[in-house]
>>> print(open('target.cif').read())   # mmCIF, C-alpha atoms
data_data
loop_
_atom_site.group_PDB
_atom_site.id
_atom_site.type_symbol
_atom_site.label_atom_id
_atom_site.label_comp_id
_atom_site.auth_asym_id
_atom_site.auth_seq_id
_atom_site.Cartn_x
_atom_site.Cartn_y
_atom_site.Cartn_z
ATOM 1 C CA MET A 381 -4.357 -18.311 -25.233
ATOM 2 C CA PRO A 382 -1.018 -16.871 -26.431
ATOM 3 C CA LYS A 383 2.013 -17.204 -24.153
ATOM 4 C CA VAL A 384 3.133 -13.948 -22.595
ATOM 5 C CA SER A 385 6.859 -13.280 -22.952
ATOM 6 C CA ASP A 386 9.142 -12.897 -19.951
ATOM 7 C CA GLN A 387 9.766 -9.321 -21.084
ATOM 8 C CA ASP A 388 6.023 -8.561 -21.059
ATOM 9 C CA LEU A 389 5.658 -10.149 -17.598
ATOM 10 C CA ALA A 390 8.569 -8.062 -16.269
ATOM 11 C CA LEU A 391 7.008 -4.920 -17.746
ATOM 12 C CA ARG A 392 3.636 -5.674 -16.122
ATOM 13 C CA ARG A 393 5.334 -6.351 -12.797
ATOM 14 C CA HIS A 394 7.181 -3.019 -13.073
ATOM 15 C CA GLU A 395 3.949 -1.166 -13.956
ATOM 16 C CA ILE A 396 2.187 -2.723 -10.974
ATOM 17 C CA LEU A 397 5.037 -1.732 -8.631
ATOM 18 C CA ASP A 398 5.023 1.861 -9.919
ATOM 19 C CA GLY A 399 1.281 2.253 -9.496
ATOM 20 C CA ALA A 400 1.283 0.533 -6.105
ATOM 21 C CA ARG A 401 4.078 2.793 -4.873
ATOM 22 C CA GLN A 402 1.882 5.817 -5.659
ATOM 23 C CA CYS A 403 -1.191 4.211 -4.109
ATOM 24 C CA PHE A 404 0.584 3.303 -0.858
ATOM 25 C CA SER A 405 2.073 6.794 -0.775
ATOM 26 C CA GLU A 406 -1.315 8.454 -1.129
ATOM 27 C CA PHE A 407 -3.473 6.169 1.016
ATOM 28 C CA GLY A 408 -1.075 4.334 3.349
ATOM 29 C CA TYR A 409 -0.974 0.574 3.715
ATOM 30 C CA ASP A 410 -4.448 0.134 5.183
ATOM 31 C CA GLY A 411 -6.066 2.653 2.830
ATOM 32 C CA ALA A 412 -4.543 1.104 -0.287
ATOM 33 C CA THR A 413 -7.479 -1.171 -0.936
ATOM 34 C CA VAL A 414 -7.437 -3.695 -3.756
ATOM 35 C CA SER A 415 -9.827 -1.448 -5.711
ATOM 36 C CA ARG A 416 -7.487 1.510 -5.290
ATOM 37 C CA LEU A 417 -4.506 -0.636 -6.259
ATOM 38 C CA GLU A 418 -6.372 -1.718 -9.412
ATOM 39 C CA ALA A 419 -7.071 1.911 -10.299
ATOM 40 C CA ALA A 420 -3.511 3.038 -9.551
ATOM 41 C CA THR A 421 -1.839 0.235 -11.477
ATOM 42 C CA GLY A 422 -4.309 -0.045 -14.320
ATOM 43 C CA LYS A 423 -4.276 -3.804 -13.752
ATOM 44 C CA SER A 424 -6.905 -6.218 -12.512
ATOM 45 C CA ARG A 425 -6.732 -7.816 -9.092
ATOM 46 C CA GLY A 426 -6.047 -11.083 -10.900
ATOM 47 C CA ALA A 427 -2.946 -9.587 -12.530
ATOM 48 C CA ILE A 428 -1.796 -8.037 -9.255
ATOM 49 C CA PHE A 429 -2.250 -11.245 -7.309
ATOM 50 C CA HIS A 430 -0.716 -13.323 -10.111
ATOM 51 C CA HIS A 431 2.527 -11.377 -9.754
ATOM 52 C CA PHE A 432 2.553 -10.747 -5.995
ATOM 53 C CA GLY A 433 0.124 -13.176 -4.361
ATOM 54 C CA SER A 434 -1.469 -10.624 -2.039
ATOM 55 C CA LYS A 435 -1.492 -6.973 -1.044
ATOM 56 C CA GLU A 436 1.142 -7.784 1.573
ATOM 57 C CA GLY A 437 3.226 -9.566 -1.075
ATOM 58 C CA LEU A 438 3.016 -6.480 -3.269
ATOM 59 C CA PHE A 439 3.994 -4.236 -0.373
ATOM 60 C CA LEU A 440 6.940 -6.455 0.523
ATOM 61 C CA ALA A 441 8.041 -6.474 -3.124
ATOM 62 C CA LEU A 442 8.201 -2.673 -2.946
ATOM 63 C CA ALA A 443 10.243 -2.952 0.244
ATOM 64 C CA GLU A 444 12.621 -5.363 -1.455
ATOM 65 C CA ASP A 445 12.887 -3.185 -4.567
ATOM 66 C CA ASP A 446 13.630 -0.050 -2.561
ATOM 67 C CA ALA A 447 16.013 -1.834 -0.178
ATOM 68 C CA GLU A 448 17.984 -3.084 -3.186
ATOM 69 C CA SER A 449 18.122 0.399 -4.741
ATOM 70 C CA MET A 450 19.169 1.942 -1.442
ATOM 71 C CA ALA A 451 21.742 -0.819 -0.910
ATOM 72 C CA GLN A 452 23.366 -0.073 -4.260
ATOM 73 C CA VAL A 453 23.671 3.617 -3.391
ATOM 74 C CA ALA A 454 24.896 2.793 0.135
ATOM 75 C CA GLU A 455 27.568 0.413 -1.187
ATOM 76 C CA ASN A 456 28.892 2.983 -3.629
ATOM 77 C CA ALA A 457 28.460 6.243 -1.749
ATOM 78 C CA GLY A 458 27.200 5.570 1.797
ATOM 79 C CA LEU A 459 23.916 5.817 3.675
ATOM 80 C CA VAL A 460 24.099 9.612 3.822
ATOM 81 C CA GLU A 461 23.804 9.608 0.017
ATOM 82 C CA VAL A 462 20.643 7.498 0.330
ATOM 83 C CA MET A 463 19.285 10.198 2.642
ATOM 84 C CA ARG A 464 20.332 12.927 0.198
ATOM 85 C CA ASP A 465 18.464 11.107 -2.577
ATOM 86 C CA ILE A 466 15.312 10.958 -0.441
ATOM 87 C CA VAL A 467 15.569 14.655 0.448
ATOM 88 C CA ALA A 468 16.231 15.627 -3.184
ATOM 89 C CA ASP A 469 13.155 13.789 -4.472
ATOM 90 C CA PRO A 470 10.643 13.219 -1.654
ATOM 91 C CA GLU A 471 7.840 12.391 -4.109
ATOM 92 C CA LYS A 472 9.838 9.456 -5.466
ATOM 93 C CA HIS A 473 10.133 8.104 -1.921
ATOM 94 C CA GLY A 474 6.704 9.136 -0.656
ATOM 95 C CA TRP A 475 5.536 5.582 -0.132
ATOM 96 C CA LEU A 476 8.172 5.252 2.597
ATOM 97 C CA GLY A 477 5.763 7.286 4.723
ATOM 98 C CA THR A 478 3.990 4.015 5.344
ATOM 99 C CA ARG A 479 6.834 3.219 7.760
ATOM 100 C CA LEU A 480 4.657 4.522 10.573
ATOM 101 C CA GLU A 481 2.100 1.843 9.729
ATOM 102 C CA ILE A 482 4.880 -0.669 9.236
ATOM 103 C CA ALA A 483 6.216 0.028 12.729
ATOM 104 C CA ARG A 484 2.819 -0.902 14.170
ATOM 105 C CA ARG A 485 2.774 -4.173 12.207
ATOM 106 C CA LEU A 486 6.381 -4.955 13.095
ATOM 107 C CA ARG A 487 5.432 -4.824 16.780
ATOM 108 C CA SER A 488 2.282 -6.898 16.497
ATOM 109 C CA ASP A 489 2.771 -9.339 13.579
ATOM 110 C CA ALA A 490 5.749 -11.680 13.931
ATOM 111 C CA GLU A 491 5.291 -13.214 10.475
ATOM 112 C CA PHE A 492 5.246 -9.809 8.773
ATOM 113 C CA ARG A 493 8.240 -8.703 10.871
ATOM 114 C CA GLY A 494 10.252 -11.684 9.637
ATOM 115 C CA LYS A 495 9.414 -10.987 5.998
ATOM 116 C CA TRP A 496 10.098 -7.242 6.324
ATOM 117 C CA LEU A 497 13.434 -7.691 8.074
ATOM 118 C CA GLU A 498 14.489 -10.219 5.448
ATOM 119 C CA HIS A 499 14.226 -7.470 2.822
ATOM 120 C CA GLN A 500 16.115 -5.012 4.994
ATOM 121 C CA ASP A 501 19.080 -7.366 5.405
ATOM 122 C CA ARG A 502 20.438 -6.385 1.990
ATOM 123 C CA LEU A 503 20.521 -2.703 2.948
ATOM 124 C CA ASP A 504 22.063 -3.492 6.344
ATOM 125 C CA GLU A 505 24.805 -5.548 4.691
ATOM 126 C CA ALA A 506 25.551 -2.754 2.214
ATOM 127 C CA VAL A 507 25.783 -0.142 4.981
ATOM 128 C CA GLN A 508 28.019 -2.393 7.085
ATOM 129 C CA SER A 509 30.275 -3.019 4.093
ATOM 130 C CA ARG A 510 30.559 0.672 3.242
ATOM 131 C CA LEU A 511 31.250 1.673 6.839
ATOM 132 C CA GLY A 512 33.839 -1.104 7.108
ATOM 133 C CA GLN A 513 35.595 0.180 3.985
ATOM 134 C CA THR A 514 35.457 3.754 5.248
ATOM 135 C CA SER A 515 36.875 2.626 8.585
ATOM 136 C CA LEU A 516 39.730 0.737 6.909
ATOM 137 C CA SER A 517 40.562 3.800 4.827
ATOM 138 C CA GLY A 518 40.945 5.826 8.020
ATOM 139 C CA SER A 519 38.130 8.213 7.097
ATOM 140 C CA LEU A 520 35.654 7.032 9.759
ATOM 141 C CA ARG A 521 36.041 8.250 13.315
ATOM 142 C CA ASP A 522 37.341 5.484 15.547
ATOM 143 C CA ASP A 523 35.982 6.472 18.947
ATOM 144 C CA TYR A 524 32.729 4.596 18.231
ATOM 145 C CA SER A 525 32.199 1.130 16.802
ATOM 146 C CA VAL A 526 31.094 0.654 13.215
ATOM 147 C CA ARG A 527 27.860 -0.845 14.580
ATOM 148 C CA THR A 528 27.174 2.294 16.631
ATOM 149 C CA MET A 529 27.788 4.435 13.545
ATOM 150 C CA GLN A 530 25.400 2.273 11.554
ATOM 151 C CA LEU A 531 22.663 2.609 14.169
ATOM 152 C CA PHE A 532 23.181 6.371 14.271
ATOM 153 C CA LEU A 533 22.832 6.634 10.488
ATOM 154 C CA GLU A 534 19.769 4.357 10.465
ATOM 155 C CA LEU A 535 18.096 6.563 13.082
ATOM 156 C CA MET A 536 18.831 9.629 10.950
ATOM 157 C CA LEU A 537 17.318 7.881 7.912
ATOM 158 C CA ASP A 538 14.193 6.961 9.874
ATOM 159 C CA GLY A 539 13.882 10.540 11.121
ATOM 160 C CA ILE A 540 14.128 11.969 7.621
ATOM 161 C CA ILE A 541 11.512 9.544 6.336
ATOM 162 C CA VAL A 542 9.121 10.429 9.182
ATOM 163 C CA ARG A 543 9.700 14.166 8.647
ATOM 164 C CA ILE A 544 8.919 13.894 4.933
ATOM 165 C CA ALA A 545 5.949 11.578 5.551
ATOM 166 C CA SER A 546 4.449 14.053 8.006
ATOM 167 C CA GLY A 547 4.611 16.820 5.402
ATOM 168 C CA ARG A 548 7.083 18.930 7.333
ATOM 169 C CA PRO A 549 9.490 21.182 5.412
ATOM 170 C CA VAL A 550 12.666 19.658 4.030
ATOM 171 C CA ASP A 551 14.552 22.935 3.695
ATOM 172 C CA GLU A 552 17.847 22.882 5.566
ATOM 173 C CA LEU A 553 17.939 19.062 5.477
ATOM 174 C CA ASP A 554 20.907 19.236 3.100
ATOM 175 C CA ARG A 555 22.784 21.149 5.792
ATOM 176 C CA VAL A 556 21.629 18.656 8.414
ATOM 177 C CA LEU A 557 22.980 15.847 6.233
ATOM 178 C CA ASP A 558 26.284 17.705 5.972
ATOM 179 C CA LEU A 559 26.316 17.699 9.773
ATOM 180 C CA VAL A 560 25.461 13.985 9.915
ATOM 181 C CA GLU A 561 28.220 13.162 7.453
ATOM 182 C CA ASP A 562 30.706 15.347 9.299
ATOM 183 C CA SER A 563 29.810 13.683 12.601
ATOM 184 C CA VAL A 564 30.899 10.218 11.406
ATOM 185 C CA ARG A 565 34.087 11.355 9.675
ATOM 186 C CA ARG A 566 37.480 11.297 11.335
ATOM 187 C CA LYS A 567 38.622 14.789 12.154
ATOM 188 C CA THR A 568 41.817 15.730 10.390
ATOM 189 C CA THR A 569 44.318 17.838 12.240
#
>>> encode(input="target.cif", output="structure tokens")
Amino acid sequence: MPKVSDQDLALRRHEILDGARQCFSEFGYDGATVSRLEAATGKSRGAIFHHFGSKEGLFLALAEDDAESMAQVAENAGLVEVMRDIVADPEKHGWLGTRLEIARRLRSDAEFRGKWLEHQDRLDEAVQSRLGQTSLSGSLRDDYSVRTMQLFLELMLDGIIVRIASGRPVDELDRVLDLVEDSVRRKTT
């Protein structure tokens, strides 16, 4: 059997992630059966499990991939820009609608919670870093702690994801994000 190149393996992994993202978006975590994942990715269950070990491993790989992408945006432009990206292209982020299912598992499955939170650490660190820089520059309001600001922004992100996942309209969310951004900025006199 010929050896598969690292480039080919990376391409297959990427193809599986893309198809799985669509499948989880359409059917949710529980509804994304292995058969549906095979159909969505165009890969066999053997290929899927070779790269990710399990359906949960595949799901967590998506969480890690998205957390890393969001972290890069948050480091460079802030968490509000992550929200703007989600609002601008909800289809690209549709799989995040599984967060409602994730919340249930986070409450009831300690092992899953540990794995999930591990992937979210990168995003948390990026947001903390960006808010710290903004605070040092004097642009962040100083009547609340950086941690309070971070929690506020995370709650806004969760709300936007839930709104999009529930199929509710996203019109006016740009203006809402302007308000969110304005609410964390230091007022100039």
>>> resolve_selection(input="target.cif", expression="the PyMOL selection byres ((chain A and resi 460-468) around 9)", output="ChimeraX atom specification")
/A:450-451,453-454,457-459,469-474,533,536-537,540-541,544,550-551,553-554,557-558,560-561
>>> write_last_selection(input="target.cif", atoms="C-alpha atoms", output="JSON list (two decimals), keeping the file's coordinate frame")
[["chain", "number", "residue", "atom", "x", "y", "z"],
["A", 450, "MET", "CA", 19.17, 1.94, -1.44],
["A", 451, "ALA", "CA", 21.74, -0.82, -0.91],
["A", 453, "VAL", "CA", 23.67, 3.62, -3.39],
["A", 454, "ALA", "CA", 24.90, 2.79, 0.14],
["A", 457, "ALA", "CA", 28.46, 6.24, -1.75],
["A", 458, "GLY", "CA", 27.20, 5.57, 1.80],
["A", 459, "LEU", "CA", 23.92, 5.82, 3.68],
["A", 469, "ASP", "CA", 13.16, 13.79, -4.47],
["A", 470, "PRO", "CA", 10.64, 13.22, -1.65],
["A", 471, "GLU", "CA", 7.84, 12.39, -4.11],
["A", 472, "LYS", "CA", 9.84, 9.46, -5.47],
["A", 473, "HIS", "CA", 10.13, 8.10, -1.92],
["A", 474, "GLY", "CA", 6.70, 9.14, -0.66],
["A", 533, "LEU", "CA", 22.83, 6.63, 10.49],
["A", 536, "MET", "CA", 18.83, 9.63, 10.95],
["A", 537, "LEU", "CA", 17.32, 7.88, 7.91],
["A", 540, "ILE", "CA", 14.13, 11.97, 7.62],
["A", 541, "ILE", "CA", 11.51, 9.54, 6.34],
["A", 544, "ILE", "CA", 8.92, 13.89, 4.93],
["A", 550, "VAL", "CA", 12.67, 19.66, 4.03],
["A", 551, "ASP", "CA", 14.55, 22.94, 3.70],
["A", 553, "LEU", "CA", 17.94, 19.06, 5.48],
["A", 554, "ASP", "CA", 20.91, 19.24, 3.10],
["A", 557, "LEU", "CA", 22.98, 15.85, 6.23],
["A", 558, "ASP", "CA", 26.28, 17.70, 5.97],
["A", 560, "VAL", "CA", 25.46, 13.98, 9.91],
["A", 561, "GLU", "CA", 28.22, 13.16, 7.45]]
>>> resolve_selection(input="target.cif", expression="the PyMOL selection byres ((chain A and resi 402-405) around 12)", output="ChimeraX atom specification")
/A:395-401,406-422,435-436,438-440,442-443,470-482,544-546
>>> atom_distance(input="target.cif", atom1="atom CA of Asp446 of chain A", atom2="atom CA of Arg527 of chain A")
22.3 Å
>>> resolve_selection(input="target.cif", expression="the PyMOL selection byres ((chain A and resi 487-503) around 7)", output="VMD selection string")
chain A and resid 440 443 to 444 447 to 448 450 to 451 483 to 486 504 to 507
>>> residues_around(input="target.cif", residues="Arg393 of chain A", least_positions_apart="6", cutoff="9 Å", atoms="only C-alpha atoms", output="PDB file with C-alpha atoms, in the frame of the given file")
ATOM      1  CA  ALA A 427      -2.946  -9.587 -12.530  1.00  0.00           C
ATOM      2  CA  ILE A 428      -1.796  -8.037  -9.255  1.00  0.00           C
ATOM      3  CA  HIS A 431       2.527 -11.377  -9.754  1.00  0.00           C
ATOM      4  CA  PHE A 432       2.553 -10.747  -5.995  1.00  0.00           C
TER       5      PHE A 432
END
>>> axis_aligned_box(input="target.cif", around="segment 386-395 of chain A", padding_each_side="8 Å", output="JSON")
{"center_x": 6.7, "center_y": -7.0, "center_z": -16.9, "size_x": 22.1, "size_y": 27.7, "size_z": 24.3}
>>> atom_distance(input="target.cif", atom1="atom CA of Lys423 of chain A", atom2="atom CA of Asp388 of chain A")
13.5 Å
>>> atom_distance(input="target.cif", atom1="atom CA of Ser449 of chain A", atom2="atom CA of Ser525 of chain A")
25.7 Å
>>> closest_residue(input="target.cif", among="A:Arg548, A:Arg510, A:Arg543, A:Leu520", to="Asp562 of chain A", atoms="only C-alpha atoms")
A:Leu520
>>> build_atoms(input="target.cif", residues="segment 424-437 of chain A", atoms="N, CA and C atoms", output="PDB file, in the coordinates of the input")
ATOM      1  N   SER A 424      -5.859  -5.535 -13.281  1.00  0.00           N
ATOM      2  CA  SER A 424      -6.905  -6.218 -12.512  1.00  0.00           C
ATOM      3  C   SER A 424      -6.317  -6.849 -11.256  1.00  0.00           C
ATOM      4  N   ARG A 425      -7.197  -7.141 -10.305  1.00  0.00           N
ATOM      5  CA  ARG A 425      -6.732  -7.816  -9.092  1.00  0.00           C
ATOM      6  C   ARG A 425      -6.119  -9.169  -9.431  1.00  0.00           C
ATOM      7  N   GLY A 426      -6.635  -9.813 -10.471  1.00  0.00           N
ATOM      8  CA  GLY A 426      -6.047 -11.083 -10.900  1.00  0.00           C
ATOM      9  C   GLY A 426      -4.593 -10.911 -11.329  1.00  0.00           C
ATOM     10  N   ALA A 427      -4.320  -9.846 -12.084  1.00  0.00           N
ATOM     11  CA  ALA A 427      -2.946  -9.587 -12.530  1.00  0.00           C
ATOM     12  C   ALA A 427      -2.055  -9.248 -11.337  1.00  0.00           C
ATOM     13  N   ILE A 428      -2.579  -8.425 -10.433  1.00  0.00           N
ATOM     14  CA  ILE A 428      -1.796  -8.037  -9.255  1.00  0.00           C
ATOM     15  C   ILE A 428      -1.459  -9.267  -8.425  1.00  0.00           C
ATOM     16  N   PHE A 429      -2.472 -10.076  -8.146  1.00  0.00           N
ATOM     17  CA  PHE A 429      -2.250 -11.245  -7.309  1.00  0.00           C
ATOM     18  C   PHE A 429      -1.451 -12.327  -8.025  1.00  0.00           C
ATOM     19  N   HIS A 430      -1.543 -12.370  -9.345  1.00  0.00           N
ATOM     20  CA  HIS A 430      -0.716 -13.323 -10.111  1.00  0.00           C
ATOM     21  C   HIS A 430       0.765 -13.024  -9.885  1.00  0.00           C
ATOM     22  N   HIS A 431       1.117 -11.765  -9.892  1.00  0.00           N
ATOM     23  CA  HIS A 431       2.527 -11.377  -9.754  1.00  0.00           C
ATOM     24  C   HIS A 431       3.003 -11.343  -8.303  1.00  0.00           C
ATOM     25  N   PHE A 432       2.103 -11.003  -7.369  1.00  0.00           N
ATOM     26  CA  PHE A 432       2.553 -10.747  -5.995  1.00  0.00           C
ATOM     27  C   PHE A 432       1.834 -11.565  -4.931  1.00  0.00           C
ATOM     28  N   GLY A 433       0.810 -12.293  -5.295  1.00  0.00           N
ATOM     29  CA  GLY A 433       0.124 -13.176  -4.361  1.00  0.00           C
ATOM     30  C   GLY A 433      -0.893 -12.506  -3.461  1.00  0.00           C
ATOM     31  N   SER A 434      -0.586 -11.321  -2.972  1.00  0.00           N
ATOM     32  CA  SER A 434      -1.469 -10.624  -2.039  1.00  0.00           C
ATOM     33  C   SER A 434      -1.044  -9.165  -1.957  1.00  0.00           C
ATOM     34  N   LYS A 435      -1.851  -8.377  -1.279  1.00  0.00           N
ATOM     35  CA  LYS A 435      -1.492  -6.973  -1.044  1.00  0.00           C
ATOM     36  C   LYS A 435      -0.198  -6.905  -0.229  1.00  0.00           C
ATOM     37  N   GLU A 436      -0.078  -7.756   0.771  1.00  0.00           N
ATOM     38  CA  GLU A 436       1.142  -7.784   1.573  1.00  0.00           C
ATOM     39  C   GLU A 436       2.342  -8.186   0.716  1.00  0.00           C
ATOM     40  N   GLY A 437       2.154  -9.152  -0.172  1.00  0.00           N
ATOM     41  CA  GLY A 437       3.226  -9.566  -1.075  1.00  0.00           C
ATOM     42  C   GLY A 437       3.670  -8.426  -1.971  1.00  0.00           C
TER      43      GLY A 437
END
